[in-house]
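Presented below is the structure to which this report refers.
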Number of protein chains: 2
Amino acid sequence: MEPKTKRRASIGARRSPETEAAVKAAARELLAEKGYAGFSIEEVARRAGAGKPTIYRWWPSKADLFIAIYGADKDAAIPVPDTGSLRDDLLLYTKDLWRFWREDTAGRVFRGLIAEAQTSEGALAALRFKFMPERLASPRKMFLRAAERSEFPADEIDDRLELWVGFNWLHVLTDRLSEDEPSLPHKIALLCR
Amino acid sequence: MEPKTKRRASIGARRSPETEAAVKAAARELLAEKGYAGFSIEEVARRAGAGKPTIYRWWPSKADLFIAIYGADKDAAIPVPDTGSLRDDLLLYTKDLWRFWREDTAGRVFRGLIAEAQTSEGALAALRFKFMPERLASPRKMFLRAAERSEFPADEIDDRLELWVGFNWLHVLTDRLSEDEPSLPHKIALLCR
DNA sequence: GTTGATCTAAACGGACCGTTTCGTTATGTC
DNA sequence: GACATAACGAAACGGTCCGTTTAGATCAAC
């Protein structure tokens, strides 16, 4: 089950990139295999062949580790379309997002982060003030452009964005991310009135 | 800290209402005090002066206990308005709902249930197929009546309802339920176009 | 009376938590 | 070249909670 890398000794008074990579990889793998339920720092350490203190040194909370492995992949994996219509942009982007959540470990990471935020103040703060603003920057562009095209008033940008976000959260948290969710186009259309 | 009821012996071959009440009360109390983070079956049993096996007998999972203590209070606490306008109905209902989530233990219970659903298949199923349909019956009436008044086509009822639900989830999960959330009327209005 | 389901208490093995201690290893500085 | 510094993994700490099992006591129904 575990490739059990040979021991990585310290490389001196600096952080070991190998260890960092091994921990992130083990965390991803573990999440992919067992989901958030079977996720523990203990097990991550075992698989990574790392010491728990090492993990706690660099990722003081589970939320930090989650955020780290969610990574910048999302922006890379999901292009922000610009078709000239918010409706079409949103449909494309949302389908890509759902695919990303389905196929990558990302969906599980994200669900875990939200769950964690319900039990930990620190995780909630990280979610609200770090993770969300960063991750919403991309999709926000679509709404911004639509407002510039006068599809709706500029002061509605963030309200519409949040409605779209809530809609996505609802689906990911209830594990309804199927490819051909029939209501998707309708709901998207509603957000573009 | 614990009133420590005197031991409740078995009352024979039927479920003890006293025990049931004591467990629910202890669970509410514990959630109110410590939130979902500090919630454990162990502690509930301690406070209720009940045996853990008794709790596991009647509430096989945490989710079951959550659902039981969320109870029918919501329908009692939150009237479904009928002003003749979806916009006004939704605004009133949403404000009441947020107040309910803020003031009662309910908000914490709900957040706990959603978090639990991310780690447990059973909890997710309970949330999707039992809790949500039951709890959404009331607010759905507002959308239904609006469609009957031809405020929008009848086939949009559930899509609009879900957008509203997602919006509420987003706020409760990020702990943004303040009385005077300025964006609330705007977002509600958007849902009524 | 007997049967049977319920109750609490107590203890079980197991999993994690987050921390501390320890000996090792390499870096950067003097 | 010597040395403080900092990161590394292993092991163990005390603690909490899980879900289950065993046991003895209670009471209702038959």
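Lettering and numbering for the structure tokens are positional, with chains as A, B, ... in the shown order, residues counted from 1 in each chain, and ligands counted from 1 in the shown order.
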Counting only C-alpha atoms (C1' of nucleotides), which residues of chain A sit at most 9 Å from some atom of chain D, and what is each one's closest atom pair with its distance in Å to one decimal, listed by chain and rising residue number, as a Markdown table?
```
| residue | atom | partner | partner_atom | distance |
| --- | --- | --- | --- | --- |
| A:Arg7 | CA | D:DG9 | C1' | 7.5 |
| A:Arg8 | CA | D:DC8 | C1' | 7.2 |
| A:Ala9 | CA | D:DC8 | C1' | 5.1 |
| A:Ser10 | CA | D:DC8 | C1' | 4.0 |
| A:Ile11 | CA | D:DA7 | C1' | 7.1 |
| A:Gly12 | CA | D:DA7 | C1' | 5.9 |
| A:Ala13 | CA | D:DA6 | C1' | 4.1 |
| A:Arg14 | CA | D:DA7 | C1' | 5.9 |
| A:Arg15 | CA | D:DA7 | C1' | 6.3 |
| A:Ser16 | CA | D:DA7 | C1' | 7.7 |
| A:Gly49 | CA | D:DG9 | C1' | 8.0 |
| A:Ala50 | CA | D:DG9 | C1' | 6.3 |
| A:Gly51 | CA | D:DG9 | C1' | 5.1 |
| A:Lys52 | CA | D:DG9 | C1' | 8.6 |
| A:Pro53 | CA | D:DG9 | C1' | 8.8 |
| A:Thr54 | CA | D:DC8 | C1' | 7.5 |
```
Compile a residue-level contact table for chain A against chain B at a cut-off of 9 Å, reporting for every qualifying residue the shortest atom pair and its distance in Å to one decimal, with only C-alpha atoms counted, rows ordered by chain and ascending number, as a tab-separated table.
```
residue	atom	partner	partner_atom	distance
A:Gly35	CA	B:Thr119	CA	7.5
A:Tyr36	CA	B:Thr119	CA	5.7
A:Ala37	CA	B:Thr119	CA	4.2
A:Gly38	CA	B:Thr119	CA	8.0
A:Arg108	CA	B:Gln118	CA	8.6
A:Arg111	CA	B:Gln118	CA	6.4
A:Gly112	CA	B:Gln118	CA	6.8
A:Ile114	CA	B:Ala115	CA	7.4
A:Ala115	CA	B:Ala115	CA	4.4
A:Glu116	CA	B:Ala115	CA	7.5
A:Ala117	CA	B:Leu173	CA	8.0
A:Gln118	CA	B:Arg111	CA	6.4
A:Thr119	CA	B:Ala37	CA	4.3
A:Ser120	CA	B:Ala37	CA	6.8
A:Leu124	CA	B:Thr174	CA	6.8
A:Ala125	CA	B:Thr174	CA	8.7
A:Leu127	CA	B:Thr174	CA	8.1
A:Arg128	CA	B:Thr174	CA	6.8
A:Glu156	CA	B:His186	CA	7.8
A:Asp158	CA	B:Ser183	CA	9.0
A:Asp159	CA	B:Lys187	CA	5.7
A:Arg160	CA	B:Lys187	CA	7.3
A:Glu162	CA	B:Phe167	CA	7.2
A:Leu163	CA	B:Phe167	CA	5.6
A:Trp164	CA	B:Leu163	CA	7.9
A:Val165	CA	B:Leu170	CA	7.7
A:Gly166	CA	B:Gly166	CA	4.2
A:Phe167	CA	B:Gly166	CA	4.6
A:Asn168	CA	B:Gly166	CA	7.5
A:Trp169	CA	B:Gly166	CA	6.7
A:Leu170	CA	B:Gly166	CA	5.1
A:His171	CA	B:Gly166	CA	8.3
A:Leu173	CA	B:Gln118	CA	7.0
A:Thr174	CA	B:Arg128	CA	6.8
A:Asp175	CA	B:Leu124	CA	8.4
A:Ser183	CA	B:Asp159	CA	6.9
A:Leu184	CA	B:Asp159	CA	8.7
A:His186	CA	B:Asp159	CA	7.1
A:Lys187	CA	B:Asp159	CA	5.7
A:Leu190	CA	B:Leu191	CA	7.7
A:Leu191	CA	B:Leu190	CA	7.8
A:Arg193	CA	B:Arg193	CA	6.9
```
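The neighbours of segment 94-102 of chain B here are the residues that come within 9 Å of it, using only C-alpha atoms (C1' of nucleotides) and leaving out any residue fewer than 3 positions away in the same chain; they are Lys74, Ala77, Ile78, Pro79, Asp89, Leu90, Leu91, Thr105, Ala106, Gly107, Arg108, Val109, Phe110, Asn168, Val172, Leu177, Ser178, Glu179, Leu184 and Ile188 of chain B.
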For atom CA of Pro81 of chain B and atom CA of Tyr93 of chain B, the interatomic separation in Å (one decimal):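 The value is 6.8 Å.
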Residues of chain C that approach chain B to 10 Å or less, counting only C-alpha atoms (C1' of nucleotides): could you list each one with the shortest pair of atoms and its distance in Å to one decimal, rows by chain and increasing residue number, as a tab-separated table?
```
residue	atom	partner	partner_atom	distance
C:DG4	C1'	B:Ala13	CA	7.1
C:DA5	C1'	B:Ala13	CA	4.0
C:DT6	C1'	B:Ala13	CA	4.9
C:DC7	C1'	B:Ser10	CA	3.6
C:DT8	C1'	B:Gly51	CA	5.5
C:DA9	C1'	B:Gly51	CA	7.4
```
Could you please take those selected residues and save C-alpha atoms (C1' of nucleotides) as a JSON list (two decimals), in the first residue's frame?
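Final file, part-v8.json:
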```
[["chain", "number", "residue", "atom", "x", "y", "z"],
["C", 4, "DG", "C1'", -37.98, -10.30, 26.56],
["C", 5, "DA", "C1'", -36.76, -5.72, 25.66],
["C", 6, "DT", "C1'", -34.98, -1.83, 28.00],
["C", 7, "DC", "C1'", -31.95, 0.69, 31.04],
["C", 8, "DT", "C1'", -26.97, 2.22, 33.07],
["C", 9, "DA", "C1'", -22.33, 1.22, 34.16]]
```
Closest pair table for segment 23-120 of chain A residues within 12 Å of segment 12-29 of chain C, only C-alpha atoms (C1' of nucleotides), as a Markdown table:
```
| residue | atom | partner | partner_atom | distance |
| --- | --- | --- | --- | --- |
| A:Gly38 | CA | C:DA15 | C1' | 10.7 |
| A:Phe39 | CA | C:DC16 | C1' | 10.2 |
| A:Ser40 | CA | C:DC16 | C1' | 7.2 |
| A:Ile41 | CA | C:DC16 | C1' | 8.3 |
| A:Glu42 | CA | C:DC16 | C1' | 7.0 |
| A:Glu43 | CA | C:DC16 | C1' | 9.4 |
| A:Val44 | CA | C:DC16 | C1' | 11.9 |
| A:Lys52 | CA | C:DG18 | C1' | 9.3 |
| A:Pro53 | CA | C:DT19 | C1' | 8.4 |
| A:Ile55 | CA | C:DG18 | C1' | 11.2 |
| A:Tyr56 | CA | C:DG18 | C1' | 8.5 |
| A:Arg57 | CA | C:DG18 | C1' | 11.3 |
| A:Pro60 | CA | C:DG18 | C1' | 9.9 |
| A:Ser61 | CA | C:DG18 | C1' | 10.2 |
| A:Lys62 | CA | C:DC17 | C1' | 11.7 |
```
Selection from above, C-alpha atoms, as an mmCIF file, in the first residue's frame, can you write it?
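And here's result06.cif as it stands now:
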```
data_model
loop_
_atom_site.group_PDB
_atom_site.id
_atom_site.type_symbol
_atom_site.label_atom_id
_atom_site.label_comp_id
_atom_site.auth_asym_id
_atom_site.auth_seq_id
_atom_site.Cartn_x
_atom_site.Cartn_y
_atom_site.Cartn_z
ATOM 1 C CA GLY A 38 -10.653 8.703 6.300
ATOM 2 C CA PHE A 39 -8.288 11.616 6.359
ATOM 3 C CA SER A 40 -5.894 12.043 9.247
ATOM 4 C CA ILE A 41 -2.590 13.765 9.745
ATOM 5 C CA GLU A 42 -1.369 10.557 11.286
ATOM 6 C CA GLU A 43 -2.017 8.617 8.101
ATOM 7 C CA VAL A 44 -0.589 11.333 5.887
ATOM 8 C CA LYS A 52 4.071 14.365 12.425
ATOM 9 C CA PRO A 53 6.026 17.230 13.932
ATOM 10 C CA ILE A 55 3.761 18.313 9.153
ATOM 11 C CA TYR A 56 2.571 20.347 12.075
ATOM 12 C CA ARG A 57 5.523 22.641 11.648
ATOM 13 C CA PRO A 60 -0.428 24.103 11.564
ATOM 14 C CA SER A 61 -3.999 23.075 10.804
ATOM 15 C CA LYS A 62 -5.787 20.709 8.509
#
```
task: Based on DSSP run over this structure's backbone, return all residues of segment 36-102 of chain A in helix (DSSP H, G or I), as a ChimeraX atom specification.
output: /A:41-48,52-58,62-70,73-77,86-102
message: So that I can check the surroundings of Arg149 of chain B, please list as number ranges by chain every protein, DNA and RNA residue that reaches within 9 Å of it, counting only C-alpha atoms (C1' of nucleotides) and ignoring chain neighbours fewer than 4 positions away.
response: B: 84-85, 144-145
